[in-house]
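Undergrad: Pasting a structure below so you can have a look.
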Protein chains: 2
Amino acid sequence: MLQFEDALSIVNEEIRRISYPNQPKNLYEPIDYLLSLKGKKVRPALTLLACNLYRKDITDSINPALAWEIFHNFTLMHDDVMDQADMRRGQPAVHKKWNENTAILSGDAMLILAYMYMARSPKKHLKTLLDLFSKTADEICAGQQYDMEFETRLFVSEEEYIQMIRLKTAVMLAACLQSGGILGGASFADQEKLYEFGIDLGIAFQIRDDFLDVYGDPNLFGKQIGGDILCNKKTFLLVQALNLAQEEKRDTLLFWLKTMDRSDEKIVAVKNIYADLGLKEIVEDSINAYYQKAMDALKAVSVPESRKTVLYGLVQNLMERES
Amino acid sequence: MLQFEDALSIVNEEIRRISYPNQPKNLYEPIDYLLSLKGKKVRPALTLLACNLYRKDITDSINPALAWEIFHNFTLMHDDVMDQADMRRGQPAVHKKWNENTAILSGDAMLILAYMYMARSPKKHLKTLLDLFSKTADEICAGQQYDMEFETRLFVSEEEYIQMIRLKTAVMLAACLQSGGILGGASFADQEKLYEFGIDLGIAFQIRDDFLDVYGDPNLFGKQIGGDILCNKKTFLLVQALNLAQEEKRDTLLFWLKTMDRSDEKIVAVKNIYADLGLKEIVEDSINAYYQKAMDALKAVSVPESRKTVLYGLVQNLMERES
């Protein structure tokens with residue numbers, strides 16, 4: 001059975017083997033640069049592992065897995081321009097190392113490259129995988145659009161926020177898993193369960209991301225604790241706090257959102273409001289609920305439990321991660 | 001036999017029938033906006049007409065034709081951001097009517113939409129058409145990259161310039177024609193001839209574009225004559241002039257390229273240099289040479305000449321157009 005590390009090795013090796021035209025180098029170098037930065041590579045691994053639930057030989061799923069990883073990195077290249085995010089994986093973002101035009105155009109070439117890899121799927125699954133890929137890619141654009149719009153709004157409902165992260169993050173994990181299932185020969189019912197598993201895992205994963213920014217271990221987190229608080233990022237926590245806080249607490253929160261202050265004092269003050277609202281527990285409950293739903297969906301996939309140990313382990317790791 | 005106007009009607013009708021999700025509206029409205037602006041729609045028409053060389057029923061080629069038109073408009077949306085071009089077809093460009101982030105993200109969604117339409121090709125041609133589509137799309141990105149790089153260089157050889165417009169403009173016309181041929185059941189030899197026809201037509205078309213900016217009829221051109229001269233655009237004429245001018249003429253040309261002056265005086269001065277170099281005739285000869293090659297390629301396509309009248313007529317129109 002394919003272990004997670006085996007899947008990562010395959011993915012990393014295949015990424016190294018991507019060959020780019022020599023010219024124009026400012027079009028292709030940024031793609032190589034971004035794909036070569038250290039990343040979790042969870043998405044392509046999910047495709048390989050989902051395929052391996054059904055088949056020993058996962059060769060057919062390698063190109064589609066790569067398509068997902070290339071697509072994911074394309075979204076990072078463009079999102080970093082739109083979000084004015086200067087760093088990516090500890091290195092300068094493409095639009096900083098080169099410029100914005102380069103990030104736009106190389107990103108476009110990267111989206112096309114992702115489709116080139118998806119087009120290398122076995123013929124009998126090509127149309128199905130393409131449709132899943134395009135539908136998912138379109139949803140991810142919608143997720144980014146909502147994310148940007150929410151940044152300019154003060155109040156966002158919990159439901160709207162969950163819908164946004166579902167589109168921006170969860171549908172890709174879900175589609176990675178489903179495409180692996182399709183390539184492995186999963187039944188429609190199993191494909192649906194794999195998709196559900198990915199959705200709930202993705203939502204839990206994203207909320208945990210927001211959670212770690214506030215409650216992570218400073219020695220393990222890798223970024224400054226409270227970074228999201230300092231820049232007023234609409235996290236699950238802030239969205240909840242804005243909906244739950246009343247009277248004084250609400251006024252205090254709004255005061256801190258309006259200040260340009262980027263000091264520890266702001267982090268402490270906002271964390272105090274979160275504590276008064278009991279947010280840590282509320283958010284932990286949310287994460288656990290989605291985690292539990294994810295586990296249930298995986299349990300319902302009709303292959304022997306013994307074949308699912310790698311996926312169970314991966315979920316465990318993602319949920320226990322500190323960065 | 002399908003007339004050009006019939007092809008346009010089909011394309012316009014199908015564009016009107018594209019249905020977009022209601023939300024998020026800032027993602028989909030810009031796509032609808034750009035596709036609804038008046039445009040020549042030559043590209044999708046070429047696909048339908050090339051298919052019609054071989055088959056009476058061109059239904060199968062409608063979705064791929066739309067894919068090309070959507071893709072073409074995606075490149076306009078992103079190019080206008082990169083080139084800081086504020087107007088498109090007489091209306092504000094998307095990044096002006098909305099903003100740059102919207103143009104980036106809606107453009108991405110538009111590229112995905114183009115693939116969705118290409119994926120609706122008949123199954124037996126799907127892989128072939130996808131590969132042609134992705135290869136062409138990648139080349140067009142390379143063309144835009146070269147175009148941007150040339151703007152920052154003083155000297156560009158004629159060969160480099162032709163290679164750039166081949167990538168930026170001609171390969172799309174060529175691929176539109178070839179995909180129509182594929183869908184109609186053309187032989188490989190014919191597919192190649194159709195592709196060649198598109199390349200030479202595209203290069204002639206693009207050089208004529210540059211030509212009209214200087215020598216067009218002011219009453220018919222629709223834009224200010226000399227607009228490219230005022231903004232130092234690296235047109236075929238300027239590239240040639242920089243390579244041909246010597247001594248004083250060269251100094252005068254370089255002087256005008258350095259001034260911030262955007263008056264008629266600059267247009268007159270640069271046109272005088274072009275006249276001294278005999279550029280009008282050189283450029284006309286170039287256009288005619290590519291035009292002739294295009295006609296030869298079309299002639300070599302192995303269907304009766306009587307079936308090609310619409311394409312011959314289209315070429316005639318494109319070559320005689322004044323705007």
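Convention: chains lettered A, B, ... in structure tokens order; per-chain residue numbering from 1; ligands numbered from 1 as shown.
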Within 12 Å of Leu2 in chain A, counting only C-alpha atoms, which residues qualify if same-chain residues fewer than 3 places away don't, as a list of chain:residue names?

TA: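 Final neighbour list, sorted by chain and number: A:Glu5, A:Asp6, A:Ala7, A:Leu8, A:Ser9, A:Ile10, A:Ala45, A:Leu46, A:Thr47, A:Leu48, A:Leu49, A:Ala50, A:Cys51, A:Asn52, A:Leu53, A:Tyr54, A:Arg55, A:Lys56, A:Asp57, A:Ile58, A:Thr59, A:Arg307, A:Lys308, A:Thr309, A:Val310, A:Leu311.
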
Undergrad: Taking only C-alpha atoms into account, what are the residues of chain A at most 10 Å from chain B, put as a PDB file with C-alpha atoms, in the first residue's frame?

TA:
ATOM      1  CA  PRO A  21      10.432  25.674 -23.118  1.00  0.00           C
ATOM      2  CA  GLN A  23      12.156  30.867 -24.083  1.00  0.00           C
ATOM      3  CA  PRO A  24      10.719  33.296 -23.131  1.00  0.00           C
ATOM      4  CA  LYS A  25      12.354  32.626 -19.803  1.00  0.00           C
ATOM      5  CA  ASN A  26      10.406  35.274 -17.912  1.00  0.00           C
ATOM      6  CA  LEU A  27       7.271  33.323 -18.750  1.00  0.00           C
ATOM      7  CA  TYR A  28       8.418  29.903 -17.542  1.00  0.00           C
ATOM      8  CA  THR A  75      -4.127  30.206  -7.752  1.00  0.00           C
ATOM      9  CA  HIS A  78      -2.618  35.184  -8.915  1.00  0.00           C
ATOM     10  CA  ASP A  79      -4.059  35.427  -5.386  1.00  0.00           C
ATOM     11  CA  VAL A  81      -1.091  39.674  -6.716  1.00  0.00           C
ATOM     12  CA  MET A  82      -4.720  40.359  -5.795  1.00  0.00           C
ATOM     13  CA  ASP A  83      -4.091  40.166  -2.046  1.00  0.00           C
ATOM     14  CA  GLU A 100       2.859  42.015 -11.445  1.00  0.00           C
ATOM     15  CA  ASN A 101       2.647  41.556 -15.203  1.00  0.00           C
ATOM     16  CA  THR A 102       4.918  38.535 -14.940  1.00  0.00           C
ATOM     17  CA  ILE A 104      -0.392  37.586 -14.267  1.00  0.00           C
ATOM     18  CA  LEU A 105       1.017  36.116 -17.489  1.00  0.00           C
ATOM     19  CA  SER A 106       3.027  33.260 -15.939  1.00  0.00           C
ATOM     20  CA  GLY A 107      -0.048  32.439 -13.908  1.00  0.00           C
ATOM     21  CA  ASP A 108      -2.062  32.186 -17.114  1.00  0.00           C
ATOM     22  CA  ALA A 109       0.571  29.893 -18.634  1.00  0.00           C
ATOM     23  CA  MET A 110       0.446  27.835 -15.440  1.00  0.00           C
ATOM     24  CA  LEU A 111      -3.323  27.365 -15.647  1.00  0.00           C
ATOM     25  CA  ILE A 112      -2.842  26.212 -19.240  1.00  0.00           C
ATOM     26  CA  LEU A 113      -0.078  23.845 -18.071  1.00  0.00           C
ATOM     27  CA  ALA A 114      -2.449  22.395 -15.478  1.00  0.00           C
ATOM     28  CA  TYR A 115      -4.947  21.617 -18.253  1.00  0.00           C
ATOM     29  CA  MET A 116      -2.140  20.056 -20.330  1.00  0.00           C
ATOM     30  CA  ALA A 119      -5.473  16.204 -20.678  1.00  0.00           C
ATOM     31  CA  ARG A 120      -2.966  13.371 -20.206  1.00  0.00           C
ATOM     32  CA  SER A 121      -5.564  11.401 -18.254  1.00  0.00           C
ATOM     33  CA  LYS A 123      -8.975   8.600 -22.532  1.00  0.00           C
ATOM     34  CA  LYS A 124     -11.903   6.833 -20.962  1.00  0.00           C
ATOM     35  CA  LEU A 126     -10.810  12.367 -19.850  1.00  0.00           C
ATOM     36  CA  LYS A 127     -14.181  14.075 -20.247  1.00  0.00           C
ATOM     37  CA  THR A 128     -15.283  13.294 -16.678  1.00  0.00           C
ATOM     38  CA  LEU A 130     -11.975  17.676 -17.335  1.00  0.00           C
ATOM     39  CA  ASP A 131     -15.504  18.572 -16.290  1.00  0.00           C
ATOM     40  CA  PHE A 133     -11.490  20.066 -13.043  1.00  0.00           C
ATOM     41  CA  SER A 134     -13.179  23.017 -14.762  1.00  0.00           C
ATOM     42  CA  LYS A 135     -16.142  23.037 -12.389  1.00  0.00           C
ATOM     43  CA  THR A 136     -13.782  23.038  -9.411  1.00  0.00           C
ATOM     44  CA  ALA A 137     -11.483  25.672 -10.894  1.00  0.00           C
ATOM     45  CA  ASP A 138     -14.470  27.935 -11.507  1.00  0.00           C
ATOM     46  CA  GLU A 139     -15.689  27.438  -7.935  1.00  0.00           C
ATOM     47  CA  ILE A 140     -12.250  28.343  -6.606  1.00  0.00           C
ATOM     48  CA  CYS A 141     -12.368  31.630  -8.549  1.00  0.00           C
ATOM     49  CA  ALA A 142     -15.781  32.281  -6.973  1.00  0.00           C
ATOM     50  CA  GLY A 143     -14.276  31.542  -3.538  1.00  0.00           C
ATOM     51  CA  GLN A 144     -11.482  34.051  -4.096  1.00  0.00           C
ATOM     52  CA  GLN A 145     -14.043  36.625  -5.262  1.00  0.00           C
ATOM     53  CA  TYR A 146     -16.113  36.157  -2.070  1.00  0.00           C
ATOM     54  CA  MET A 148     -12.003  39.655  -1.485  1.00  0.00           C
ATOM     55  CA  GLU A 149     -15.547  40.991  -1.106  1.00  0.00           C
TER      56      GLU A 149
END

Undergrad: Give me the residues near range 213-230 of chain B as a list of chain:residue names, where near means some atom within 9 Å (using only C-alpha atoms) and where sequence neighbours in that chain fewer than 2 positions away do not count.

TA: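 What passes the distance filter is B:Arg208, B:Asp209, B:Asp210, B:Phe211, B:Asn232, B:Lys233, B:Lys234, B:Thr235, B:Leu237, B:Leu238, B:Leu257, B:Met260, B:Asp261, B:Arg262, B:Ser263, B:Asp264, B:Lys266, B:Ile267, B:Val268, B:Val270, B:Lys271, B:Lys280, B:Glu322, B:Ser323.
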
Undergrad: Mind dumping the selected residues with C-alpha atoms as a PDB file, in the first residue's frame?

TA:
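Result file result-v4.pdb:
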ATOM      1  CA  ARG B 208      -1.882  45.641 -41.924  1.00  0.00           C
ATOM      2  CA  ASP B 209      -3.033  46.714 -38.462  1.00  0.00           C
ATOM      3  CA  ASP B 210       0.278  48.503 -37.950  1.00  0.00           C
ATOM      4  CA  PHE B 211       0.079  49.925 -41.477  1.00  0.00           C
ATOM      5  CA  ASN B 232       6.261  54.750 -29.400  1.00  0.00           C
ATOM      6  CA  LYS B 233       4.530  51.418 -29.958  1.00  0.00           C
ATOM      7  CA  LYS B 234       6.900  48.833 -31.435  1.00  0.00           C
ATOM      8  CA  THR B 235       5.005  48.300 -34.663  1.00  0.00           C
ATOM      9  CA  LEU B 237       6.986  50.041 -39.179  1.00  0.00           C
ATOM     10  CA  LEU B 238       8.954  51.316 -36.210  1.00  0.00           C
ATOM     11  CA  LEU B 257      11.324  58.410 -29.525  1.00  0.00           C
ATOM     12  CA  MET B 260       7.403  63.169 -24.266  1.00  0.00           C
ATOM     13  CA  ASP B 261       5.811  65.280 -27.001  1.00  0.00           C
ATOM     14  CA  ARG B 262       2.430  63.870 -28.014  1.00  0.00           C
ATOM     15  CA  SER B 263       1.604  66.415 -30.731  1.00  0.00           C
ATOM     16  CA  ASP B 264       0.880  66.145 -34.452  1.00  0.00           C
ATOM     17  CA  LYS B 266       5.774  64.096 -33.824  1.00  0.00           C
ATOM     18  CA  ILE B 267       3.449  62.146 -36.116  1.00  0.00           C
ATOM     19  CA  VAL B 268       4.479  64.286 -39.089  1.00  0.00           C
ATOM     20  CA  VAL B 270       8.111  60.221 -37.882  1.00  0.00           C
ATOM     21  CA  LYS B 271       5.990  59.770 -41.007  1.00  0.00           C
ATOM     22  CA  LYS B 280       5.144  52.375 -47.080  1.00  0.00           C
ATOM     23  CA  GLU B 322      -9.835  50.241 -43.313  1.00  0.00           C
ATOM     24  CA  SER B 323     -10.267  49.769 -39.572  1.00  0.00           C
TER      25      SER B 323
END

Undergrad: Do a neighbour search on Glu192 in chain A at 10 Å with only C-alpha atoms, toss out local chain neighbours closer than 3 positions, and write the hits as a list in words.

TA: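 The neighbour list is Ala174, Ala175, Leu177, Gln178, Gly181, Ala186, Ser187, Phe188, Ala189, Tyr195, Glu196, Phe197, Gly198, Ala297 and Val301 of chain A.
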
Undergrad: Write out as a compact mmCIF listing (two decimals) with C-alpha atoms, in the first residue's frame the residues lying within 10 Å of Val156 in chain A, counting only C-alpha atoms and excluding same-chain residues fewer than 4 positions away.

TA:
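Wrote it out as out09.txt, contents follow:
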# COMPACT_ATOMS: atom_id res chain seq x y z
CA PHE A 150 -15.74 39.93 2.54
CA GLU A 151 -12.60 41.95 3.31
CA GLU A 160 -21.42 32.90 4.24
CA TYR A 161 -17.95 32.36 5.66
CA LYS A 234 -11.67 38.14 8.10
CA PHE A 236 -13.51 32.40 11.11
CA LEU A 238 -13.20 37.46 13.63
CA VAL A 239 -16.39 36.67 11.74
CA GLN A 240 -17.73 34.83 14.80
CA LEU A 242 -18.31 40.28 15.11
CA ASN A 243 -21.51 38.27 15.14

Undergrad: Tell me which of B:Ala245, B:Gly313, B:Ser61, B:Ile287 sits closest to Ala275 in chain B, counting only C-alpha atoms.

TA: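 Between B:Ala245, B:Gly313, B:Ser61, B:Ile287, the residue approaching Ala275 in chain B most closely is B:Ala245.
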
Undergrad: If you run DSSP on the backbone here, which positions in range 73-290 of chain A get helix (DSSP H, G or I)? Please write them as a PyMOL selection string.

TA: chain A and resi 73-82+94-97+100-118+123-151+158-184+188-215+218-221+227-230+236-244+247-258+264-276+279-290

Undergrad: Could you list, as a PyMOL selection string, every residue within 7 Å of Leu298 in chain A, counting only C-alpha atoms and ignoring same-chain residues fewer than 4 positions away?

TA: chain A and resi 193-194+197+294

Undergrad: Could you please determine the separation between CA of Ser306 in chain B and CA of Gln191 in chain B in Å, to one decimal place?

TA: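 If I compute the distance from CA of Ser306 in chain B to CA of Gln191 in chain B, I get 18.6 Å.
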
Undergrad: Need the shell around Asp86 in chain A: protein/DNA/RNA residues with any atom at most 12 Å away, counting only C-alpha atoms. Skip same-chain ones fewer than 3 positions apart. Format as a list in words?

TA: Leu76, Met77, His78, Asp79, Asp80, Val81, Met82, Asp83, Arg89, Gly90, Gln91, Pro92, Ala93, Val94, His95, Lys96, Lys97, Trp98, Asn99, Glu100 and Ala103 of chain A

Undergrad: Could you dump the residues just selected with N, CA and C atoms as a short mmCIF file (atom, residue, chain, number, x, y, z; two decimals), in the first residue's frame?

TA:
data_model
loop_
_atom_site.label_atom_id
_atom_site.label_comp_id
_atom_site.auth_asym_id
_atom_site.auth_seq_id
_atom_site.Cartn_x
_atom_site.Cartn_y
_atom_site.Cartn_z
N LEU A 76 -2.23 30.42 -6.23
CA LEU A 76 -1.37 31.17 -5.30
C LEU A 76 -0.71 32.35 -6.01
N MET A 77 -0.23 32.11 -7.25
CA MET A 77 0.47 33.18 -7.99
C MET A 77 -0.46 34.37 -8.22
N HIS A 78 -1.67 34.09 -8.66
CA HIS A 78 -2.62 35.18 -8.92
C HIS A 78 -3.19 35.78 -7.62
N ASP A 79 -3.52 34.91 -6.65
CA ASP A 79 -4.06 35.43 -5.39
C ASP A 79 -3.06 36.37 -4.71
N ASP A 80 -1.79 36.03 -4.77
CA ASP A 80 -0.79 36.89 -4.13
C ASP A 80 -0.74 38.28 -4.76
N VAL A 81 -0.99 38.35 -6.08
CA VAL A 81 -1.09 39.67 -6.72
C VAL A 81 -2.32 40.40 -6.16
N MET A 82 -3.46 39.72 -6.21
CA MET A 82 -4.72 40.36 -5.80
C MET A 82 -4.70 40.76 -4.32
N ASP A 83 -4.11 39.90 -3.50
CA ASP A 83 -4.09 40.17 -2.05
C ASP A 83 -2.89 41.00 -1.63
N ARG A 89 5.53 30.99 1.18
CA ARG A 89 6.40 29.90 1.65
C ARG A 89 7.78 30.42 2.04
N GLY A 90 7.79 31.58 2.69
CA GLY A 90 9.05 32.13 3.20
C GLY A 90 9.93 32.79 2.14
N GLN A 91 9.45 32.83 0.89
CA GLN A 91 10.22 33.45 -0.19
C GLN A 91 9.40 34.56 -0.83
N PRO A 92 10.05 35.46 -1.58
CA PRO A 92 9.28 36.52 -2.24
C PRO A 92 8.25 35.92 -3.20
N ALA A 93 7.05 36.48 -3.18
CA ALA A 93 6.03 36.06 -4.15
C ALA A 93 6.51 36.43 -5.56
N VAL A 94 5.95 35.77 -6.56
CA VAL A 94 6.38 35.99 -7.95
C VAL A 94 6.26 37.46 -8.36
N HIS A 95 5.17 38.11 -7.96
CA HIS A 95 5.00 39.51 -8.38
C HIS A 95 5.99 40.44 -7.67
N LYS A 96 6.64 39.95 -6.62
CA LYS A 96 7.69 40.74 -5.97
C LYS A 96 9.06 40.41 -6.56
N LYS A 97 9.31 39.13 -6.77
CA LYS A 97 10.61 38.72 -7.32
C LYS A 97 10.73 39.18 -8.77
N TRP A 98 9.65 39.11 -9.54
CA TRP A 98 9.60 39.67 -10.89
C TRP A 98 8.72 40.94 -10.80
N ASN A 99 7.56 40.92 -11.41
CA ASN A 99 6.65 42.05 -11.28
C ASN A 99 5.22 41.55 -11.50
N GLU A 100 4.26 42.45 -11.38
CA GLU A 100 2.86 42.01 -11.44
C GLU A 100 2.48 41.44 -12.80
N ALA A 103 3.59 37.97 -12.99
CA ALA A 103 2.76 37.06 -12.19
C ALA A 103 1.43 36.78 -12.88
#

Undergrad: Please, what distance in Å, to one decimal, runs between CA of Leu129 in chain A and CA of Pro122 in chain B?

TA: 15.6 Å

Undergrad: I'd like the interatomic distance between CA of Asp251 in chain B and CA of Glu158 in chain B, to a tenth of an Å.

TA: 20.1 Å
